[in-house]
Amino acid sequence: MLDVHAPHEAIHGWKSFFIHIATISIGLLIAIGLEQTVETLHHRHQLDELHESLRQDAQKVIEDSAKVEAGESQRFDRLTARAQQIKVAIDSRQPIAPPPPVQPGAAWDVPDSPAWRAAKSSGLLSLMRQEEIKVYGEVDFILAEIQMAYQARLLAAKRRRDFEYEFDRDGVLDLSIARPDDLRRYLALIIDERSATEAFQRWSAEIGRVESTILRGELNLEKIRAAEHTAPRMGQAKTPATFGPEHR
């Protein structure tokens, strides 16, 4: 804070009085101007840091999105093949074939943007332009959907594993004693996990496309929303039509 001090000499007459008032006023104006300049520079520095953090987060989200898409596509294909095996076993009343092997994949993180969450909690959104706030509001919405889809996928996988534990024999899945109703329940669990996998992968792919569009400098919300849906859903052409409600 800047303090403005009046002259110490005594005031004699109106001329001295007005000089005294003018000195104080000019000093106050200079102090206010300097304070506002410092505050403006500080806000500009905060905004520059926020933009850089959002840019780094966007690059990380794009990388994570690509890894999730690759890893979850493998999971989706494996679940599709397993569902087909179970259906064949139900229809033929023959033992289920061994499950498809699990292919090792690259590690990935659930797409997220810590910088955006920090900006919301710290009040930095007031420094951003309205079009930026709207665009990142869309990012925030998709990230929330990703988290919910991921939790749903985890829950679906747990339910499938819990079923498999019922038929675990020394670490080996043994469905030789499973009844037809058990197999239908198993098929339903596989289909549920496959659907949850598809939803998680789809939302992750959308955030990758959105962040890529933003990094190219696009801030038109309608164009960004259009970029969300430029790719087909995973497995649209490979989902067997026979996996319908009759097997659930």
# chains A, B, ... in the order shown; residues from 1 in each chain; ligands from 1
>>> residues_around(residues="segment 163-172 of chain A", least_positions_apart="5", cutoff="12 Å", atoms="only C-alpha atoms", output="ChimeraX atom specification")
/A:98-99,156-158,177-179,182-190
>>> select_by_dssp(residues="segment 17-210 of chain A", states="helix (DSSP H, G or I)", output="number ranges by chain")
A: 17-92, 114-122, 124-127, 130-166, 180-210
>>> residues_around(residues="segment 129-134 of chain A", least_positions_apart="2", cutoff="8 Å", atoms="only C-alpha atoms", output="mmCIF file with N, CA and C atoms, in the first residue's frame")
data_model
loop_
_atom_site.group_PDB
_atom_site.id
_atom_site.type_symbol
_atom_site.label_atom_id
_atom_site.label_comp_id
_atom_site.auth_asym_id
_atom_site.auth_seq_id
_atom_site.Cartn_x
_atom_site.Cartn_y
_atom_site.Cartn_z
ATOM 1 N N LEU A 125 -11.766 -17.973 -12.851
ATOM 2 C CA LEU A 125 -12.613 -17.949 -14.047
ATOM 3 C C LEU A 125 -13.010 -16.527 -14.423
ATOM 4 N N SER A 126 -13.050 -15.638 -13.442
ATOM 5 C CA SER A 126 -13.435 -14.250 -13.730
ATOM 6 C C SER A 126 -12.423 -13.553 -14.634
ATOM 7 N N LEU A 127 -11.213 -14.109 -14.732
ATOM 8 C CA LEU A 127 -10.187 -13.509 -15.589
ATOM 9 C C LEU A 127 -10.326 -13.958 -17.040
ATOM 10 N N TYR A 136 -14.685 -24.359 -21.853
ATOM 11 C CA TYR A 136 -14.168 -25.231 -20.806
ATOM 12 C C TYR A 136 -15.279 -25.772 -19.911
ATOM 13 N N GLY A 137 -16.438 -25.114 -19.922
ATOM 14 C CA GLY A 137 -17.597 -25.703 -19.273
ATOM 15 C C GLY A 137 -18.005 -26.995 -19.960
ATOM 16 N N GLU A 138 -17.894 -27.015 -21.295
ATOM 17 C CA GLU A 138 -18.156 -28.243 -22.054
ATOM 18 C C GLU A 138 -17.113 -29.312 -21.716
ATOM 19 N N LEU A 219 -12.635 -21.668 -30.497
ATOM 20 C CA LEU A 219 -13.398 -21.353 -29.299
ATOM 21 C C LEU A 219 -14.885 -21.208 -29.594
ATOM 22 N N ASN A 220 -15.297 -21.649 -30.780
ATOM 23 C CA ASN A 220 -16.723 -21.648 -31.113
ATOM 24 C C ASN A 220 -17.345 -22.913 -30.529
ATOM 25 N N LEU A 221 -18.284 -22.731 -29.604
ATOM 26 C CA LEU A 221 -18.828 -23.865 -28.874
ATOM 27 C C LEU A 221 -19.534 -24.857 -29.788
#
>>> closest_residue(among="A:Ile30, A:Thr197, A:Asp140, A:Ile86", to="Leu175 of chain A", atoms="only C-alpha atoms")
A:Ile86
>>> residues_around(residues="Gln59 of chain A", least_positions_apart="3", cutoff="12 Å", atoms="only C-alpha atoms", output="list in words")
Glu52, Ser53, Leu54, Arg55, Gln56, Ile62, Glu63, Asp64, Ser65, Ala66, Pro111, Asp112, Ser113, Ile207, Gly208, Arg209, Val210, Glu211, Ser212, Thr213, Ile214, Leu215 and Arg216 of chain A
>>> closest_residue(among="A:Glu218, A:Asp192, A:Glu69, A:Asp91", to="Arg159 of chain A", atoms="only C-alpha atoms")
A:Asp192
>>> residues_around(residues="Glu193 of chain A", least_positions_apart="4", cutoff="12 Å", atoms="only C-alpha atoms", output="PyMOL selection string")
chain A and resi 72+75-80+82-83+149-161+186-189+197-200
>>> write_last_selection(atoms="N, CA and C atoms", output="mmCIF file, in the first residue's frame")
data_model
loop_
_atom_site.group_PDB
_atom_site.id
_atom_site.type_symbol
_atom_site.label_atom_id
_atom_site.label_comp_id
_atom_site.auth_asym_id
_atom_site.auth_seq_id
_atom_site.Cartn_x
_atom_site.Cartn_y
_atom_site.Cartn_z
ATOM 1 N N GLU A 72 -9.168 -49.919 -24.160
ATOM 2 C CA GLU A 72 -10.572 -50.315 -24.004
ATOM 3 C C GLU A 72 -11.111 -50.984 -25.264
ATOM 4 N N ARG A 75 -10.268 -54.511 -24.678
ATOM 5 C CA ARG A 75 -11.200 -55.078 -23.698
ATOM 6 C C ARG A 75 -12.553 -55.358 -24.353
ATOM 7 N N PHE A 76 -13.032 -54.413 -25.155
ATOM 8 C CA PHE A 76 -14.321 -54.577 -25.820
ATOM 9 C C PHE A 76 -14.297 -55.812 -26.728
ATOM 10 N N ASP A 77 -13.248 -55.969 -27.512
ATOM 11 C CA ASP A 77 -13.144 -57.118 -28.413
ATOM 12 C C ASP A 77 -13.095 -58.431 -27.624
ATOM 13 N N ARG A 78 -12.356 -58.413 -26.513
ATOM 14 C CA ARG A 78 -12.245 -59.624 -25.704
ATOM 15 C C ARG A 78 -13.599 -59.991 -25.085
ATOM 16 N N LEU A 79 -14.333 -58.990 -24.602
ATOM 17 C CA LEU A 79 -15.660 -59.248 -24.030
ATOM 18 C C LEU A 79 -16.641 -59.720 -25.097
ATOM 19 N N THR A 80 -16.525 -59.145 -26.304
ATOM 20 C CA THR A 80 -17.388 -59.578 -27.405
ATOM 21 C C THR A 80 -17.132 -61.046 -27.741
ATOM 22 N N ARG A 82 -15.857 -63.290 -25.747
ATOM 23 C CA ARG A 82 -16.295 -64.116 -24.625
ATOM 24 C C ARG A 82 -17.809 -64.286 -24.631
ATOM 25 N N ALA A 83 -18.527 -63.231 -24.940
ATOM 26 C CA ALA A 83 -19.987 -63.334 -25.016
ATOM 27 C C ALA A 83 -20.400 -64.329 -26.095
ATOM 28 N N ALA A 149 -18.602 -42.799 -16.148
ATOM 29 C CA ALA A 149 -18.509 -43.975 -17.021
ATOM 30 C C ALA A 149 -17.416 -44.921 -16.536
ATOM 31 N N TYR A 150 -16.311 -44.365 -16.063
ATOM 32 C CA TYR A 150 -15.216 -45.205 -15.564
ATOM 33 C C TYR A 150 -15.659 -45.971 -14.320
ATOM 34 N N GLN A 151 -16.348 -45.291 -13.410
ATOM 35 C CA GLN A 151 -16.841 -45.968 -12.212
ATOM 36 C C GLN A 151 -17.842 -47.060 -12.568
ATOM 37 N N ALA A 152 -18.703 -46.804 -13.557
ATOM 38 C CA ALA A 152 -19.656 -47.817 -14.004
ATOM 39 C C ALA A 152 -18.932 -49.010 -14.607
ATOM 40 N N ARG A 153 -17.861 -48.753 -15.350
ATOM 41 C CA ARG A 153 -17.082 -49.842 -15.949
ATOM 42 C C ARG A 153 -16.406 -50.677 -14.870
ATOM 43 N N LEU A 154 -15.857 -50.018 -13.854
ATOM 44 C CA LEU A 154 -15.239 -50.747 -12.748
ATOM 45 C C LEU A 154 -16.259 -51.621 -12.030
ATOM 46 N N LEU A 155 -17.450 -51.073 -11.794
ATOM 47 C CA LEU A 155 -18.488 -51.824 -11.106
ATOM 48 C C LEU A 155 -18.937 -53.028 -11.931
ATOM 49 N N ALA A 156 -19.102 -52.840 -13.240
ATOM 50 C CA ALA A 156 -19.505 -53.947 -14.111
ATOM 51 C C ALA A 156 -18.447 -55.048 -14.117
ATOM 52 N N ALA A 157 -17.172 -54.656 -14.155
ATOM 53 C CA ALA A 157 -16.095 -55.644 -14.129
ATOM 54 C C ALA A 157 -16.073 -56.386 -12.802
ATOM 55 N N LYS A 158 -16.346 -55.692 -11.701
ATOM 56 C CA LYS A 158 -16.376 -56.343 -10.390
ATOM 57 C C LYS A 158 -17.501 -57.375 -10.324
ATOM 58 N N ARG A 159 -18.652 -57.022 -10.855
ATOM 59 C CA ARG A 159 -19.775 -57.966 -10.835
ATOM 60 C C ARG A 159 -19.445 -59.212 -11.657
ATOM 61 N N ARG A 160 -18.789 -59.044 -12.776
ATOM 62 C CA ARG A 160 -18.392 -60.195 -13.588
ATOM 63 C C ARG A 160 -17.373 -61.044 -12.856
ATOM 64 N N ARG A 161 -16.384 -60.398 -12.215
ATOM 65 C CA ARG A 161 -15.378 -61.152 -11.467
ATOM 66 C C ARG A 161 -15.989 -61.878 -10.273
ATOM 67 N N TYR A 186 -24.129 -65.131 -16.556
ATOM 68 C CA TYR A 186 -22.759 -64.774 -16.943
ATOM 69 C C TYR A 186 -22.762 -63.963 -18.233
ATOM 70 N N LEU A 187 -23.562 -64.373 -19.191
ATOM 71 C CA LEU A 187 -23.652 -63.642 -20.460
ATOM 72 C C LEU A 187 -24.159 -62.227 -20.235
ATOM 73 N N ALA A 188 -25.162 -62.092 -19.360
ATOM 74 C CA ALA A 188 -25.693 -60.754 -19.067
ATOM 75 C C ALA A 188 -24.625 -59.866 -18.439
ATOM 76 N N LEU A 189 -23.821 -60.439 -17.546
ATOM 77 C CA LEU A 189 -22.758 -59.658 -16.908
ATOM 78 C C LEU A 189 -21.690 -59.242 -17.922
ATOM 79 N N THR A 197 -17.830 -50.559 -20.933
ATOM 80 C CA THR A 197 -16.529 -50.313 -21.578
ATOM 81 C C THR A 197 -16.698 -49.387 -22.771
ATOM 82 N N GLU A 198 -17.699 -49.635 -23.580
ATOM 83 C CA GLU A 198 -17.960 -48.805 -24.759
ATOM 84 C C GLU A 198 -18.259 -47.362 -24.359
ATOM 85 N N ALA A 199 -19.049 -47.186 -23.294
ATOM 86 C CA ALA A 199 -19.395 -45.828 -22.853
ATOM 87 C C ALA A 199 -18.159 -45.081 -22.357
ATOM 88 N N PHE A 200 -17.340 -45.746 -21.561
ATOM 89 C CA PHE A 200 -16.118 -45.111 -21.050
ATOM 90 C C PHE A 200 -15.175 -44.750 -22.189
#
>>> atom_distance(atom1="atom CA of Leu34 of chain A", atom2="atom CA of Ser122 of chain A")
24.9 Å
>>> atom_distance(atom1="atom CA of Gln103 of chain A", atom2="atom CA of Val68 of chain A")
14.4 Å
>>> atom_distance(atom1="atom CA of Pro104 of chain A", atom2="atom CA of Met148 of chain A")
25.2 Å
>>> select_by_dssp(residues="segment 43-236 of chain A", states="strand (DSSP E)", output="ChimeraX atom specification")
/A:168-169,172-173
>>> write_last_selection(atoms="all heavy atoms", output="compact mmCIF listing (two decimals), in the first residue's frame")
# COMPACT_ATOMS: atom_id res chain seq x y z
N ASP A 168 -14.49 -70.51 -9.09
CA ASP A 168 -13.02 -70.59 -9.04
C ASP A 168 -12.60 -71.87 -8.35
O ASP A 168 -13.06 -72.17 -7.23
CB ASP A 168 -12.47 -69.37 -8.30
CG ASP A 168 -10.94 -69.36 -8.28
OD1 ASP A 168 -10.37 -69.94 -7.36
OD2 ASP A 168 -10.35 -68.78 -9.21
N ARG A 169 -11.74 -72.61 -9.00
CA ARG A 169 -11.19 -73.84 -8.42
C ARG A 169 -9.67 -73.75 -8.46
O ARG A 169 -9.05 -73.97 -9.50
CB ARG A 169 -11.67 -75.07 -9.20
CG ARG A 169 -13.18 -75.25 -9.25
CD ARG A 169 -13.76 -75.52 -7.86
NE ARG A 169 -15.21 -75.74 -7.93
CZ ARG A 169 -16.10 -74.77 -7.80
NH1 ARG A 169 -15.69 -73.51 -7.62
NH2 ARG A 169 -17.40 -75.03 -7.85
N VAL A 172 -8.47 -71.39 -11.07
CA VAL A 172 -8.88 -71.69 -12.43
C VAL A 172 -10.40 -71.60 -12.52
O VAL A 172 -11.12 -72.14 -11.66
CB VAL A 172 -8.41 -73.10 -12.87
CG1 VAL A 172 -8.91 -73.42 -14.27
CG2 VAL A 172 -6.89 -73.19 -12.79
N LEU A 173 -10.91 -70.91 -13.54
CA LEU A 173 -12.35 -70.79 -13.74
C LEU A 173 -12.89 -72.11 -14.28
O LEU A 173 -12.51 -72.56 -15.37
CB LEU A 173 -12.65 -69.65 -14.72
CG LEU A 173 -14.13 -69.42 -15.05
CD1 LEU A 173 -14.89 -69.02 -13.79
CD2 LEU A 173 -14.27 -68.33 -16.12
